[in-house]
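Structure file entry_20.txt (compact mmCIF, C-alpha atoms) follows.
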# COMPACT_ATOMS: atom_id res chain seq x y z
CA MET A 1 5.96 107.82 -29.21
CA SER A 2 6.25 105.75 -26.03
CA ALA A 3 9.62 104.38 -24.93
CA VAL A 4 7.87 101.09 -24.05
CA PHE A 5 8.34 98.22 -26.51
CA PRO A 6 5.12 97.83 -28.56
CA SER A 7 4.68 94.15 -27.65
CA TYR A 8 1.05 94.66 -26.58
CA ALA A 9 -1.86 95.62 -28.84
CA ARG A 10 -3.26 97.92 -26.18
CA TYR A 11 -6.83 99.22 -26.02
CA ASP A 12 -7.18 103.00 -26.12
CA ILE A 13 -8.04 103.18 -22.41
CA SER A 14 -5.88 104.18 -19.42
CA LEU A 15 -7.26 102.70 -16.21
CA VAL A 16 -6.26 104.58 -13.05
CA LYS A 17 -8.58 103.39 -10.25
CA GLY A 18 -10.49 100.28 -9.21
CA LYS A 19 -12.80 99.12 -6.45
CA GLY A 20 -14.70 95.86 -6.33
CA SER A 21 -16.13 95.07 -9.77
CA TRP A 22 -15.52 98.56 -11.13
CA VAL A 23 -12.63 100.47 -12.70
CA TRP A 24 -12.25 104.08 -13.85
CA ASP A 25 -10.09 105.57 -16.60
CA ASP A 26 -8.17 108.83 -16.65
CA GLN A 27 -11.14 110.55 -18.30
CA GLY A 28 -13.49 109.65 -15.46
CA ASN A 29 -15.32 106.91 -17.35
CA LYS A 30 -16.56 103.96 -15.27
CA TYR A 31 -16.44 100.34 -16.41
CA LEU A 32 -17.88 97.08 -15.12
CA ASP A 33 -14.87 94.76 -15.11
CA PHE A 34 -15.50 91.25 -16.43
CA MET A 35 -11.81 90.74 -17.25
CA CYS A 36 -10.21 90.99 -13.79
CA GLY A 37 -6.79 91.65 -15.30
CA LEU A 38 -7.18 88.26 -17.03
CA ALA A 39 -8.39 86.29 -14.00
CA VAL A 40 -6.05 88.05 -11.56
CA THR A 41 -8.13 90.35 -9.33
CA SER A 42 -10.40 87.54 -8.18
CA LEU A 43 -11.29 89.32 -4.91
CA GLY A 44 -12.22 92.44 -6.85
CA HIS A 45 -10.08 95.54 -7.08
CA ALA A 46 -8.33 96.82 -3.95
CA PRO A 47 -9.68 94.24 -1.47
CA GLU A 48 -9.44 95.76 1.99
CA LYS A 49 -8.03 92.81 3.96
CA VAL A 50 -5.29 92.21 1.40
CA GLY A 51 -4.48 95.91 1.24
CA ALA A 52 -4.22 96.15 5.02
CA LYS A 53 -1.88 93.13 5.15
CA LEU A 54 0.30 94.62 2.41
CA LYS A 55 0.50 98.01 4.11
CA GLU A 56 1.45 96.34 7.39
CA GLN A 57 4.21 94.39 5.67
CA ILE A 58 5.48 97.47 3.81
CA ASP A 59 6.16 99.08 7.18
CA THR A 60 7.97 95.96 8.43
CA LEU A 61 10.16 94.21 5.83
CA TRP A 62 10.12 94.22 2.04
CA HIS A 63 12.76 91.80 0.84
CA VAL A 64 15.25 89.23 2.06
CA SER A 65 17.07 86.55 0.12
CA ASN A 66 15.68 83.04 -0.02
CA LEU A 67 18.95 82.05 1.66
CA PHE A 68 17.05 82.91 4.87
CA HIS A 69 13.87 81.42 6.30
CA ILE A 70 10.81 83.52 5.43
CA PRO A 71 8.01 82.73 7.92
CA GLY A 72 5.29 83.99 5.58
CA GLN A 73 6.24 81.34 3.03
CA ASP A 74 5.65 78.59 5.57
CA ARG A 75 2.19 79.96 6.39
CA VAL A 76 1.19 80.24 2.72
CA ALA A 77 2.57 76.78 1.95
CA ALA A 78 0.53 75.34 4.83
CA LEU A 79 -2.64 77.03 3.56
CA LEU A 80 -2.09 75.55 0.10
CA THR A 81 -1.06 72.04 1.11
CA ASP A 82 -3.78 71.78 3.78
CA ASN A 83 -6.37 72.46 1.07
CA SER A 84 -4.94 70.38 -1.78
CA CYS A 85 -3.30 67.07 -2.62
CA ALA A 86 0.17 68.70 -2.68
CA ASP A 87 2.89 68.30 -0.06
CA GLN A 88 5.60 70.68 -1.30
CA VAL A 89 5.58 74.26 -2.59
CA PHE A 90 7.99 76.40 -4.62
CA PHE A 91 7.36 80.16 -4.81
CA CYS A 92 8.17 82.23 -7.88
CA ASN A 93 6.87 85.34 -9.63
CA SER A 94 4.50 84.39 -12.47
CA GLY A 95 2.59 81.62 -14.18
CA ALA A 96 5.30 81.13 -16.79
CA GLU A 97 7.90 80.72 -14.05
CA ALA A 98 5.66 78.28 -12.18
CA ASN A 99 5.27 76.18 -15.32
CA GLU A 100 9.00 76.44 -16.02
CA ALA A 101 9.65 75.14 -12.50
CA ALA A 102 7.20 72.28 -13.10
CA ILE A 103 9.00 71.25 -16.30
CA LYS A 104 12.38 71.42 -14.57
CA LEU A 105 11.12 69.42 -11.59
CA ALA A 106 9.73 66.69 -13.85
CA ARG A 107 12.99 66.35 -15.75
CA ARG A 108 15.17 66.44 -12.66
CA TYR A 109 13.03 63.89 -10.82
CA HIS A 110 13.47 61.37 -13.60
CA GLN A 111 17.13 62.11 -14.25
CA LYS A 112 18.53 62.68 -10.74
CA VAL A 113 16.18 60.67 -8.54
CA LYS A 114 15.07 57.83 -10.82
CA GLY A 115 18.22 57.72 -12.97
CA ALA A 116 16.20 57.64 -16.19
CA ASP A 117 16.92 59.46 -19.47
CA ARG A 118 13.55 61.14 -19.51
CA TYR A 119 13.06 64.76 -20.52
CA GLU A 120 10.17 65.09 -22.98
CA VAL A 121 6.92 66.78 -21.96
CA ILE A 122 3.73 66.16 -23.96
CA THR A 123 1.23 69.02 -24.18
CA PHE A 124 -1.93 69.70 -26.20
CA GLU A 125 -3.01 71.88 -29.10
CA GLN A 126 -4.68 75.20 -28.17
CA SER A 127 -3.06 75.14 -24.73
CA PHE A 128 -1.24 78.12 -23.24
CA HIS A 129 1.57 77.71 -20.71
CA GLY A 130 3.61 80.92 -20.82
CA ARG A 131 6.04 83.12 -22.72
CA THR A 132 9.48 81.86 -21.65
CA LEU A 133 11.25 79.85 -24.33
CA ALA A 134 10.37 76.56 -22.64
CA THR A 135 6.76 77.42 -21.83
CA LEU A 136 5.98 78.94 -25.24
CA THR A 137 7.38 75.76 -26.77
CA ALA A 138 5.04 73.79 -24.51
CA THR A 139 2.14 76.01 -25.59
CA GLY A 140 -0.01 74.47 -28.31
CA GLN A 141 -0.45 77.66 -30.34
CA ALA A 142 1.82 78.48 -33.27
CA LYS A 143 1.29 82.25 -33.00
CA VAL A 144 3.31 82.59 -29.79
CA LYS A 145 6.32 80.84 -31.36
CA GLU A 146 6.77 83.02 -34.46
CA GLY A 147 10.24 84.54 -34.68
CA PHE A 148 11.69 82.65 -31.72
CA LEU A 149 13.36 79.73 -33.52
CA PRO A 150 15.11 77.52 -32.71
CA LEU A 151 12.84 76.33 -29.94
CA PRO A 152 14.12 74.12 -27.11
CA ALA A 153 14.00 70.37 -27.66
CA GLY A 154 12.02 68.02 -25.48
CA PHE A 155 8.39 68.94 -26.19
CA LYS A 156 5.64 67.24 -28.19
CA THR A 157 2.16 68.61 -28.82
CA VAL A 158 -0.86 66.47 -29.76
CA PRO A 159 -4.55 67.25 -30.33
CA LEU A 160 -6.67 67.43 -27.20
CA HIS A 161 -8.96 64.40 -26.69
CA ASP A 162 -7.02 62.36 -29.29
CA LEU A 163 -6.04 59.38 -27.16
CA GLU A 164 -4.35 57.47 -29.99
CA ALA A 165 -2.15 60.47 -30.84
CA LEU A 166 -1.22 60.79 -27.19
CA LYS A 167 -0.29 57.10 -26.91
CA ALA A 168 1.82 57.38 -30.07
CA ALA A 169 3.72 60.35 -28.66
CA ILE A 170 4.90 58.50 -25.55
CA THR A 171 8.44 57.10 -25.76
CA GLU A 172 11.12 55.93 -23.35
CA HIS A 173 12.19 59.59 -23.08
CA THR A 174 8.78 60.93 -21.98
CA ALA A 175 8.90 62.52 -18.53
CA ALA A 176 5.47 64.11 -18.12
CA ILE A 177 2.11 65.02 -19.62
CA MET A 178 1.07 68.63 -19.04
CA LEU A 179 -2.42 70.04 -19.53
CA GLU A 180 -5.04 72.53 -18.38
CA MET A 181 -8.42 71.43 -17.04
CA VAL A 182 -9.99 74.26 -19.06
CA LEU A 183 -8.03 75.61 -22.03
CA ALA A 184 -8.81 79.21 -21.19
CA GLU A 185 -6.71 81.07 -23.77
CA GLY A 186 -7.47 78.39 -26.34
CA GLY A 187 -11.22 78.97 -26.40
CA VAL A 188 -12.52 77.98 -22.92
CA ILE A 189 -12.46 74.27 -23.77
CA GLU A 190 -13.10 71.85 -20.91
CA VAL A 191 -11.16 68.61 -20.71
CA GLN A 192 -13.46 65.58 -20.93
CA GLN A 193 -13.53 63.33 -17.88
CA ASP A 194 -13.00 60.09 -19.79
CA PHE A 195 -9.99 61.51 -21.62
CA LEU A 196 -8.46 62.79 -18.39
CA ASP A 197 -9.00 59.40 -16.77
CA ALA A 198 -7.14 57.84 -19.71
CA VAL A 199 -4.30 60.35 -19.29
CA VAL A 200 -3.99 59.43 -15.61
CA ALA A 201 -3.93 55.74 -16.52
CA LEU A 202 -1.22 56.30 -19.14
CA CYS A 203 0.90 58.21 -16.63
CA LYS A 204 0.62 55.33 -14.19
CA GLU A 205 1.34 52.73 -16.85
CA HIS A 206 4.45 54.46 -18.18
CA GLY A 207 5.75 56.04 -14.96
CA LEU A 208 5.09 59.59 -16.15
CA LEU A 209 4.35 62.66 -14.06
CA LEU A 210 1.05 64.49 -14.55
CA ILE A 211 1.40 68.27 -14.53
CA VAL A 212 -1.77 70.38 -14.33
CA ASP A 213 -1.49 74.05 -15.29
CA GLU A 214 -3.87 75.88 -12.93
CA VAL A 215 -2.50 79.36 -13.62
CA GLN A 216 -5.85 80.66 -14.85
CA THR A 217 -8.20 78.00 -13.47
CA GLY A 218 -6.89 77.86 -9.91
CA MET A 219 -7.87 79.77 -6.77
CA GLY A 220 -11.62 79.28 -6.91
CA ARG A 221 -12.15 80.53 -10.46
CA THR A 222 -13.95 77.38 -11.70
CA GLY A 223 -16.07 76.68 -8.63
CA LYS A 224 -13.47 74.56 -6.83
CA LEU A 225 -10.32 75.89 -5.19
CA PHE A 226 -8.41 74.05 -7.93
CA ALA A 227 -10.02 72.95 -11.19
CA HIS A 228 -8.60 69.42 -11.08
CA GLN A 229 -10.75 68.83 -7.98
CA HIS A 230 -13.79 68.71 -10.29
CA TYR A 231 -12.36 65.57 -11.87
CA GLY A 232 -11.38 63.55 -8.81
CA ILE A 233 -7.71 63.31 -9.75
CA GLU A 234 -4.46 64.12 -7.94
CA PRO A 235 -1.75 65.55 -10.20
CA ASP A 236 1.89 65.00 -9.32
CA ILE A 237 2.54 68.70 -9.94
CA PHE A 238 0.28 71.70 -10.43
CA THR A 239 0.90 75.39 -10.88
CA LEU A 240 -0.75 78.63 -9.75
CA ALA A 241 -0.39 82.37 -10.37
CA LYS A 242 -2.93 85.04 -11.45
CA GLY A 243 -5.58 84.84 -8.68
CA VAL A 244 -3.21 83.72 -5.92
CA ALA A 245 -2.08 87.22 -4.93
CA SER A 246 -4.77 89.74 -5.95
CA GLY A 247 -2.56 91.44 -8.54
CA PHE A 248 0.80 91.27 -6.76
CA PRO A 249 3.29 89.33 -8.95
CA ALA A 250 3.38 85.78 -7.59
CA GLY A 251 3.49 82.22 -8.87
CA VAL A 252 3.48 78.86 -7.13
CA MET A 253 4.51 75.36 -8.18
CA LEU A 254 3.14 72.56 -5.99
CA GLY A 255 4.11 68.91 -5.96
CA LYS A 256 3.80 65.59 -4.20
CA GLY A 257 6.17 64.71 -1.38
CA TYR A 258 8.06 62.09 -3.40
CA LEU A 259 9.36 64.90 -5.64
CA ARG A 260 11.08 66.70 -2.76
CA GLU A 261 14.48 65.12 -3.38
CA ALA A 262 14.53 66.36 -6.99
CA PHE A 263 14.66 69.99 -5.89
CA SER A 264 17.64 69.70 -3.58
CA PRO A 265 19.59 72.85 -2.52
CA GLY A 266 20.98 74.72 -5.52
CA SER A 267 18.83 72.93 -8.10
CA HIS A 268 16.39 75.79 -8.69
CA ALA A 269 16.07 79.32 -7.36
CA THR A 270 14.59 82.78 -7.74
CA THR A 271 15.47 86.19 -6.32
CA PHE A 272 11.97 87.54 -5.78
CA GLY A 273 9.79 84.46 -5.32
CA GLY A 274 7.97 84.40 -1.99
CA THR A 275 9.40 87.61 -0.58
CA PRO A 276 7.85 88.93 2.66
CA LEU A 277 5.66 91.26 0.55
CA ALA A 278 4.51 88.52 -1.83
CA ALA A 279 3.90 86.08 1.03
CA ALA A 280 1.80 88.63 2.93
CA VAL A 281 -0.43 89.25 -0.08
CA MET A 282 -0.79 85.55 -0.88
CA GLU A 283 -1.64 84.74 2.73
CA ALA A 284 -4.35 87.40 2.93
CA THR A 285 -5.77 86.43 -0.47
CA ILE A 286 -5.98 82.71 0.27
CA GLU A 287 -7.37 83.24 3.78
CA THR A 288 -10.07 85.50 2.38
CA MET A 289 -11.03 82.96 -0.27
CA LEU A 290 -11.30 80.17 2.29
CA GLU A 291 -13.09 82.20 4.96
CA ASP A 292 -15.68 83.58 2.54
CA GLY A 293 -16.21 80.31 0.63
CA LEU A 294 -15.44 82.00 -2.67
CA ALA A 295 -14.99 78.80 -4.66
CA GLN A 296 -18.55 77.77 -3.86
CA ARG A 297 -19.72 81.31 -4.55
CA ALA A 298 -18.01 81.18 -7.95
CA ALA A 299 -19.89 77.96 -8.71
CA GLU A 300 -23.23 79.53 -7.78
CA MET A 301 -22.63 82.82 -9.59
CA GLY A 302 -21.26 80.93 -12.59
CA ASP A 303 -24.45 78.90 -12.82
CA TYR A 304 -26.48 82.09 -12.63
CA LEU A 305 -24.37 83.86 -15.27
CA THR A 306 -24.38 80.89 -17.65
CA GLY A 307 -28.11 80.36 -17.25
CA LEU A 308 -28.85 84.01 -17.93
CA LEU A 309 -26.62 84.05 -21.00
CA ARG A 310 -28.36 80.99 -22.40
CA GLU A 311 -31.74 82.56 -21.79
CA LYS A 312 -30.85 85.89 -23.39
CA LEU A 313 -28.93 84.44 -26.35
CA ALA A 314 -31.07 81.42 -27.15
CA ASP A 315 -32.73 83.13 -30.10
CA THR A 316 -29.60 83.80 -32.17
CA ALA A 317 -27.75 81.28 -34.30
CA PHE A 318 -24.74 83.61 -34.12
CA VAL A 319 -23.96 82.06 -30.71
CA LYS A 320 -22.71 78.52 -31.21
CA ASP A 321 -22.00 77.52 -27.62
CA ILE A 322 -21.84 78.82 -24.06
CA ARG A 323 -19.43 76.84 -21.91
CA GLY A 324 -17.00 76.89 -19.02
CA LYS A 325 -16.78 76.24 -15.31
CA GLY A 326 -17.63 78.61 -12.47
CA LEU A 327 -16.71 82.16 -13.40
CA LEU A 328 -14.57 81.20 -16.39
CA ILE A 329 -17.09 81.33 -19.23
CA GLY A 330 -16.75 81.32 -23.00
CA ILE A 331 -19.33 82.32 -25.60
CA GLU A 332 -18.42 80.80 -28.96
CA CYS A 333 -19.70 82.85 -31.88
CA ALA A 334 -20.02 82.24 -35.60
CA GLU A 335 -17.62 85.07 -36.49
CA PRO A 336 -14.68 86.93 -34.89
CA VAL A 337 -15.63 88.89 -31.77
CA ALA A 338 -12.93 91.59 -31.64
CA GLU A 339 -15.41 94.32 -32.64
CA ILE A 340 -17.84 93.17 -29.95
CA VAL A 341 -15.08 93.54 -27.35
CA LEU A 342 -14.43 97.12 -28.48
CA ALA A 343 -18.14 97.92 -28.56
CA GLY A 344 -18.44 96.62 -25.01
CA GLN A 345 -15.81 99.09 -23.84
CA LYS A 346 -17.84 101.95 -25.31
CA ARG A 347 -20.82 100.69 -23.31
CA GLY A 348 -18.81 100.49 -20.08
CA LEU A 349 -18.26 96.71 -19.99
CA LEU A 350 -14.80 95.12 -20.11
CA PHE A 351 -14.34 91.56 -21.33
CA VAL A 352 -11.81 89.74 -23.50
CA GLN A 353 -11.44 87.15 -26.25
CA ALA A 354 -10.27 83.54 -26.04
CA GLY A 355 -9.25 82.96 -29.63
CA PRO A 356 -10.83 84.84 -32.52
CA ASN A 357 -14.44 83.66 -32.11
CA VAL A 358 -14.90 83.30 -28.35
CA VAL A 359 -15.93 85.95 -25.83
CA ARG A 360 -14.35 85.19 -22.44
CA LEU A 361 -15.93 86.38 -19.19
CA LEU A 362 -13.88 86.54 -15.99
CA PRO A 363 -15.71 88.53 -13.30
CA ASN A 364 -14.38 88.62 -9.76
CA LEU A 365 -15.59 85.99 -7.32
CA TYR A 366 -17.61 88.53 -5.29
CA VAL A 367 -19.59 89.64 -8.36
CA THR A 368 -23.25 90.29 -7.52
CA ARG A 369 -26.38 89.18 -9.34
CA GLU A 370 -27.12 92.82 -10.11
CA GLU A 371 -23.72 93.25 -11.74
CA ILE A 372 -24.22 90.04 -13.73
CA ASP A 373 -27.65 91.27 -14.85
CA GLN A 374 -26.14 94.54 -16.00
CA ALA A 375 -23.29 92.83 -17.87
CA VAL A 376 -25.55 90.30 -19.60
CA ASP A 377 -27.98 93.03 -20.69
CA ILE A 378 -25.15 94.94 -22.37
CA LEU A 379 -23.50 91.87 -23.88
CA SER A 380 -26.78 90.42 -25.16
CA GLU A 381 -27.65 93.69 -26.88
CA LEU A 382 -24.20 93.89 -28.47
CA ILE A 383 -24.25 90.31 -29.73
CA HIS A 384 -27.76 90.65 -31.15
CA THR A 385 -26.81 93.90 -32.86
CA TYR A 386 -23.66 92.41 -34.31
CA ALA A 387 -25.48 89.26 -35.46
CA ASN A 388 -28.09 91.33 -37.26
CA LYS A 389 -25.67 93.71 -39.00
CA GLY A 390 -24.95 92.81 -42.58
CA ASN A 391 -21.72 94.81 -42.61
CA GLY A 392 -20.18 92.81 -39.74
CA GLU A 393 -19.65 95.74 -37.36
CA ALA A 394 -20.95 95.89 -33.81
CA ASP A 395 -23.04 98.80 -32.72
CA SER A 396 -20.95 101.49 -31.07
Would you kindly transcribe this structure into structure tokens?
Amino acid sequence: MSAVFPSYARYDISLVKGKGSWVWDDQGNKYLDFMCGLAVTSLGHAPEKVGAKLKEQIDTLWHVSNLFHIPGQDRVAALLTDNSCADQVFFCNSGAEANEAAIKLARRYHQKVKGADRYEVITFEQSFHGRTLATLTATGQAKVKEGFLPLPAGFKTVPLHDLEALKAAITEHTAAIMLEMVLAEGGVIEVQQDFLDAVVALCKEHGLLLIVDEVQTGMGRTGKLFAHQHYGIEPDIFTLAKGVASGFPAGVMLGKGYLREAFSPGSHATTFGGTPLAAAVMEATIETMLEDGLAQRAAEMGDYLTGLLREKLADTAFVKDIRGKGLLIGIECAEPVAEIVLAGQKRGLLFVQAGPNVVRLLPNLYVTREEIDQAVDILSELIHTYANKGNGEADS
């Protein structure tokens, strides 16, 4: 029995090596990776430029306290602000920490800068914002909250695209509205433009901050560097993690310049956020994405992948919808897809669920047409086999 807490329902695979779109297990089996560590290894496994930058930094300096200036942080912050609507950056270690920082910044801005008794954050059903006590409370899924009562006060959750419910939730204590542009964990559900426009208008009307969670959708994944750029909006705060550092633990919270005063010295901190190692990996990752135009490539490859899926799966009523943006794609099915995921592993293709009935595809942003062809051939065969089986088991 392992000494590790059993908090993960792990697949019976031990991965030990990766390169590009491929990974190998400890038995020598090879897999085409359409999971990317859940949207993390967006440059593929072991990208050479990032690896070289990390090795160089390992031989130079690993860690210093954030009580000192860290030049790499300034370079990464410039890369991010030069290519976004943000003016300020806070470095941390994960998506949950980035969202936690966003919630804290929103509250402190209202309370310390504006002098208002505002602290509530409104989020949406089926959202996912993290596993800390605050971010799991913000998450619109009951399953992540079981056994963790009492939950922190100051959060309200309403149905997505229900404008009247959203209006009713706003009070004099509301500080911010927080949402994802694509609810990735919640079923790959895209936010509708007219609803988002209404959210922006409500924020302006009531003096609320708009927080966009880009932990999974950011860094080119959806066909833009940041998913909110599809919608023509400028959030007050947005958050990054996953694809920002090619697998090295890193998170980022970005905000508008008028929020700077809220995070004055001593107001928020982290030991490991933006260390020389983390900054080196983020810098190399972001530079590579920009130099190689990977957001545009994700848009093109996403169109190709979605089109091929629709062509291959058009003849089965088992598939209810194929949706998403860029290389974040969901296939909604008529029944649970867990057995299809397992069957895919036996065929050498790794992908993941997004809720019980949705297959989620997250290939790296360098994925080739040939690799997409191979993945779709396998997945189409599995889905057709599963749809045609009366006993509800996928072909193994």
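You will find CA of Gly257 in chain A at 16.3 Å from CA of Ile233 in chain A.
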Q.
Env of range 277-294 of chain A: 6 Å cut, atoms = all atoms listed in the file, seq-sep filter 5 positions within chain, self excluded. Answer as a list in words.
A. Val50, Leu54, Trp62, Gly72, Gln73, Val76, Val244 and Ala245 of chain A
**Q.** For CA of Ala86 in chain A and CA of Leu210 in chain A, the interatomic separation in Å (one decimal)
**A.**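 Going from CA of Ala86 in chain A over to CA of Leu210 in chain A, I get 12.6 Å.
Residue nearest Glu234 in chain A, chosen from A:Ala175, A:Met1, A:Leu166, A:Cys85 and counting all atoms listed in the file: A:Cys85.
Minimum distance to Ile372 in chain A across A:Gln57, A:Thr306, A:Thr239, A:Gln353 (counting all atoms listed in the file) occurs at A:Thr306.
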